[in-house]
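Trainee: Okay, so here is upload.cif, and as you'll see once you scroll down, it has mmCIF, C-alpha atoms.
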```cif
data_upload
#
loop_
_atom_site.label_atom_id
_atom_site.label_comp_id
_atom_site.auth_asym_id
_atom_site.auth_seq_id
_atom_site.Cartn_x
_atom_site.Cartn_y
_atom_site.Cartn_z
CA MET A 1448 165.86 -107.86 -36.85
CA ALA A 1449 166.88 -104.22 -36.85
CA ARG A 1450 165.13 -101.85 -34.51
CA LYS A 1451 163.01 -99.29 -36.32
CA GLU A 1452 164.17 -95.76 -35.62
CA PRO A 1453 161.44 -93.21 -34.95
CA SER A 1454 160.71 -91.02 -37.91
CA SER A 1455 161.80 -87.40 -37.68
CA ASN A 1456 158.24 -86.57 -38.70
CA ALA A 1457 156.80 -88.39 -35.67
CA LYS A 1458 154.44 -86.17 -33.75
CA PRO A 1459 155.22 -86.00 -30.04
CA GLU A 1460 152.21 -87.15 -28.04
CA LEU A 1461 151.16 -86.72 -24.46
CA ASN A 1462 148.14 -88.53 -23.07
CA LEU A 1463 146.91 -86.07 -20.47
CA GLU A 1464 144.89 -88.79 -18.76
CA GLN A 1465 148.23 -90.40 -17.83
CA PHE A 1466 150.10 -87.13 -17.04
CA LEU A 1467 150.32 -86.53 -13.28
CA PRO A 1468 150.30 -82.69 -13.29
CA TYR A 1469 147.14 -82.69 -15.40
CA ARG A 1470 145.42 -85.35 -13.29
CA LEU A 1471 146.27 -83.64 -10.00
CA ASN A 1472 145.12 -80.27 -11.29
CA SER A 1473 141.92 -81.71 -12.73
CA LEU A 1474 141.07 -83.52 -9.50
CA ALA A 1475 141.88 -80.48 -7.36
CA ASP A 1476 139.84 -78.20 -9.59
CA ARG A 1477 136.84 -80.53 -9.58
CA ALA A 1478 136.96 -80.95 -5.80
CA SER A 1479 137.43 -77.24 -5.22
CA GLN A 1480 134.55 -76.30 -7.53
CA ALA A 1481 132.22 -78.90 -6.03
CA LEU A 1482 132.90 -77.66 -2.51
CA ALA A 1483 132.73 -74.05 -3.71
CA ARG A 1484 129.16 -74.62 -4.87
CA GLU A 1485 128.30 -75.76 -1.35
CA TYR A 1486 129.64 -72.72 0.48
CA ALA A 1487 128.46 -70.34 -2.24
CA GLU A 1488 124.88 -71.60 -1.91
CA ARG A 1489 124.81 -71.88 1.87
CA HIS A 1490 127.04 -68.98 2.91
CA GLN A 1491 127.48 -66.73 -0.15
CA LEU A 1492 131.25 -67.22 -0.14
CA SER A 1493 133.65 -67.44 -3.07
CA VAL A 1494 136.61 -69.81 -3.13
CA ALA A 1495 138.97 -66.94 -2.28
CA GLN A 1496 136.77 -65.76 0.60
CA TRP A 1497 136.56 -69.28 2.01
CA ARG A 1498 140.32 -69.68 1.84
CA VAL A 1499 140.91 -66.36 3.62
CA LEU A 1500 138.49 -67.38 6.38
CA ALA A 1501 139.96 -70.88 6.64
CA TRP A 1502 143.52 -69.60 7.00
CA LEU A 1503 142.48 -67.00 9.56
CA SER A 1504 140.67 -69.67 11.56
CA TYR A 1505 143.83 -71.76 11.47
CA LEU A 1506 146.43 -69.11 12.31
CA ASP A 1507 144.31 -66.33 13.90
CA GLU A 1508 146.16 -63.34 12.38
CA LEU A 1509 147.75 -62.99 8.95
CA THR A 1510 148.50 -60.34 6.37
CA ALA A 1511 146.99 -60.41 2.89
CA LYS A 1512 150.48 -61.17 1.54
CA GLN A 1513 150.78 -64.21 3.81
CA ILE A 1514 147.37 -65.43 2.67
CA CYS A 1515 148.42 -64.99 -0.98
CA GLN A 1516 151.49 -67.12 -0.30
CA ALA A 1517 149.57 -69.78 1.62
CA THR A 1518 146.78 -70.08 -0.96
CA ARG A 1519 148.95 -69.48 -4.05
CA MET A 1520 146.26 -67.08 -5.23
CA ASP A 1521 147.01 -63.74 -6.85
CA LYS A 1522 147.05 -60.53 -4.86
CA ALA A 1523 144.05 -58.96 -6.63
CA ARG A 1524 141.81 -61.95 -5.94
CA ILE A 1525 142.76 -62.05 -2.26
CA SER A 1526 142.39 -58.27 -2.00
CA ARG A 1527 138.82 -58.45 -3.35
CA ALA A 1528 138.03 -61.34 -0.99
CA VAL A 1529 139.43 -59.45 2.01
CA GLN A 1530 137.45 -56.32 1.13
CA SER A 1531 134.23 -58.30 0.71
CA LEU A 1532 134.74 -60.17 3.99
CA GLU A 1533 135.49 -56.93 5.79
CA ASP A 1534 132.36 -55.32 4.28
CA ARG A 1535 130.32 -58.28 5.57
CA GLY A 1536 131.80 -57.89 9.05
CA LEU A 1537 133.48 -61.31 8.97
CA ILE A 1538 137.07 -60.10 9.27
CA GLN A 1539 138.79 -57.07 10.73
CA ARG A 1540 141.77 -55.27 9.22
CA THR A 1541 144.12 -53.33 11.53
CA PRO A 1542 147.50 -51.67 10.94
CA SER A 1543 150.31 -54.03 11.90
CA ALA A 1544 152.33 -53.19 15.00
CA ARG A 1545 155.40 -54.54 13.17
CA ASP A 1546 155.00 -52.54 9.95
CA GLN A 1547 152.50 -49.71 9.50
CA ARG A 1548 152.46 -50.30 5.72
CA VAL A 1549 150.84 -53.70 6.33
CA HIS A 1550 147.48 -54.65 7.78
CA ASP A 1551 146.86 -57.64 10.01
CA LEU A 1552 143.69 -59.56 9.34
CA CYS A 1553 141.69 -61.49 11.92
CA LEU A 1554 138.24 -62.96 12.26
CA THR A 1555 135.47 -60.99 13.93
CA GLU A 1556 133.04 -62.70 16.30
CA GLU A 1557 130.59 -62.95 13.39
CA GLY A 1558 133.31 -64.56 11.25
CA LYS A 1559 134.07 -67.06 14.00
CA MET A 1560 130.38 -67.92 14.34
CA LEU A 1561 130.10 -68.49 10.59
CA LEU A 1562 133.08 -70.82 10.70
CA THR A 1563 131.59 -72.85 13.55
CA ARG A 1564 128.90 -73.84 11.03
CA LEU A 1565 131.03 -73.89 7.87
CA ILE A 1566 134.04 -75.94 8.99
CA PRO A 1567 132.02 -78.99 10.08
CA GLU A 1568 130.19 -78.85 6.73
CA ALA A 1569 133.52 -78.72 4.85
CA ARG A 1570 134.90 -81.60 6.90
CA GLN A 1571 131.78 -83.67 6.23
CA TRP A 1572 132.09 -82.93 2.51
CA GLU A 1573 135.73 -84.05 2.63
CA SER A 1574 134.71 -87.22 4.52
CA ASP A 1575 132.13 -88.00 1.88
CA LEU A 1576 134.74 -87.53 -0.86
CA VAL A 1577 137.36 -89.78 0.72
CA ALA A 1578 134.85 -92.38 1.94
CA THR A 1579 135.93 -94.56 -0.97
CA LEU A 1580 139.45 -94.82 0.52
CA SER A 1581 140.51 -97.01 3.40
CA VAL A 1582 142.19 -95.32 6.37
CA GLY A 1583 145.55 -96.61 5.10
CA GLU A 1584 144.92 -95.37 1.56
CA TYR A 1585 143.98 -91.94 2.88
CA ARG A 1586 147.11 -91.78 5.04
CA ASP A 1587 149.22 -92.98 2.09
CA LEU A 1588 147.64 -90.37 -0.19
CA LEU A 1589 148.54 -87.55 2.20
CA ASN A 1590 152.07 -88.94 2.66
CA LEU A 1591 152.56 -89.23 -1.09
CA MET A 1592 151.32 -85.69 -1.62
CA ASP A 1593 153.76 -84.45 1.03
CA LYS A 1594 156.56 -86.32 -0.70
CA LEU A 1595 155.69 -84.83 -4.10
CA GLU A 1596 155.47 -81.33 -2.61
CA ARG A 1597 158.94 -81.71 -1.07
CA GLN A 1598 160.32 -82.95 -4.40
CA LEU A 1599 158.72 -80.03 -6.21
CA ASP A 1600 160.33 -77.66 -3.70
CA ARG A 1601 163.71 -79.26 -4.44
CA LEU A 1602 163.17 -79.02 -8.21
CA GLU A 1603 162.11 -75.38 -7.95
CA GLN A 1604 165.15 -74.56 -5.82
CA ALA A 1605 167.47 -76.36 -8.24
CA ASP A 1606 166.29 -74.39 -11.26
CA GLY A 1607 165.82 -71.14 -9.33
CA SER A 1608 162.24 -70.68 -10.46
CA ARG A 1609 160.30 -70.35 -7.25
CA PRO A 1610 156.72 -69.52 -8.29
CA GLN A 1611 155.96 -67.78 -5.01
CA ASP A 1612 158.12 -65.54 -2.88
CA ARG A 1613 158.84 -67.66 0.17
CA SER A 1614 160.28 -64.97 2.37
CA ASP A 1615 160.54 -65.09 6.13
CA ASP A 1616 156.85 -64.27 6.57
CA ARG A 1617 155.82 -67.43 4.73
CA VAL A 1618 152.87 -69.23 6.23
CA GLU A 1619 153.91 -72.71 7.28
CA MET A 1620 151.43 -75.53 6.81
CA SER A 1621 151.63 -78.70 8.82
CA GLY A 1622 150.15 -81.66 7.00
CA SER A 1623 146.55 -82.48 7.67
CA ASP A 1624 146.19 -79.51 10.03
CA SER A 1625 146.09 -77.10 7.10
CA PRO A 1626 142.68 -75.69 6.22
CA ALA A 1627 140.30 -77.80 4.19
CA GLU A 1628 139.40 -76.57 0.73
#
```
Please, can you express the file's structure as structure tokens?

Mentor:
Amino acid sequence: MARKEPSSNAKPELNLEQFLPYRLNSLADRASQALAREYAERHQLSVAQWRVLAWLSYLDELTAKQICQATRMDKARISRAVQSLEDRGLIQRTPSARDQRVHDLCLTEEGKMLLTRLIPEARQWESDLVATLSVGEYRDLLNLMDKLERQLDRLEQADGSRPQDRSDDRVEMSGSDSPAE
């Protein structure tokens, strides 16, 4: 029996429920928004503000540009978050000793005190989310995500379309030590 050739009128289809980029984005967005509701209600923080605080708690001192690169958030959103956090007395902005055109950001004592309450809450929320996974499944999930991120880096390098400038002041993340959402 002859194989039926697809019609030239056939409509290309893509089931988004089976498309990895869509599923990953959907899951990440849902998780981020659910956690965002928690720290918005309890601490009056936006997603961008939380990410700025989390990265500063992790690496102590960063520039806004480094935070943009680490979070993959646009400059305007990070700039508004930084200004708001500075206005609230949670972070301090000082001219960089390396480059006077740049400001270094760091947590204030008040910012550190807020994070002593907020980080355990975020970790508990994460624990509740992943409670459905065994320890091995959780480890495998993180390993698989690392593997996909490395492959994406290779693909981006191969086609020359790096979405973010990864210059020498790139913030390096190290696996599970990176800030929680």

Trainee: Would you pick out the contacts of Asp1551 (chain A) at 6 Å or less, using only C-alpha atoms, so that residues sharing its chain but fewer than 6 positions from it are not included, and give the list as JSON, numbers by chain?

Mentor: {"A": [1509, 1510, 1540, 1541, 1543]}

Trainee: CA of Ile1525 (chain A) to CA of Tyr1469 (chain A): how many Å, to one decimal?

Mentor: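 Between CA of Ile1525 (chain A) and CA of Tyr1469 (chain A) the gap is 24.9 Å.
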
Trainee: Evaluate the PyMOL selection byres ((chain A and resi 1514) around 12) here and jot the selected residues down as a PyMOL selection string.

Mentor: chain A and resi 1495-1513+1515-1526+1528-1529+1550-1553+1611+1613+1616-1620+1626

Trainee: Excluding same-chain residues fewer than 5 positions from Ala1481 (chain A), what lies within 12 Å of it counting only C-alpha atoms, as a list in words?

Mentor: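 The filter keeps Leu1474, Ala1475, Asp1476, Tyr1486, Ala1487, Glu1488, Ser1493, Val1494, Ala1569, Trp1572, Glu1573, Leu1576 and Glu1628 of chain A.
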
Trainee: Between CA of Gly1558 (chain A) and CA of Ser1479 (chain A), what is the distance, to one decimal in Å?

Mentor: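 So the two atoms, CA of Gly1558 (chain A) and CA of Ser1479 (chain A), lie 21.2 Å apart.
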
Trainee: Please expand the PyMOL selection byres ((chain A and resi 1568) around 12) into the concrete residues it hits in this file, giving the result as a PyMOL selection string.

Mentor: chain A and resi 1482-1483+1485-1486+1489-1490+1561-1567+1569-1575+1627-1628

Trainee: One number please: CA of Leu1591 (chain A) to CA of Leu1461 (chain A), in Å, one decimal.

Mentor: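 We find that CA of Leu1591 (chain A) and CA of Leu1461 (chain A) lie 23.5 Å from each other.
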
Trainee: Around all listed atoms of region 1516-1521 of chain A, padded 6 Å per side, what centre and edge lengths does the axis-aligned box have in Å to one decimal, as JSON?

Mentor:
```
{"center_x": 148.9, "center_y": -66.9, "center_z": -2.6, "size_x": 17.2, "size_y": 18.3, "size_z": 20.5}
```
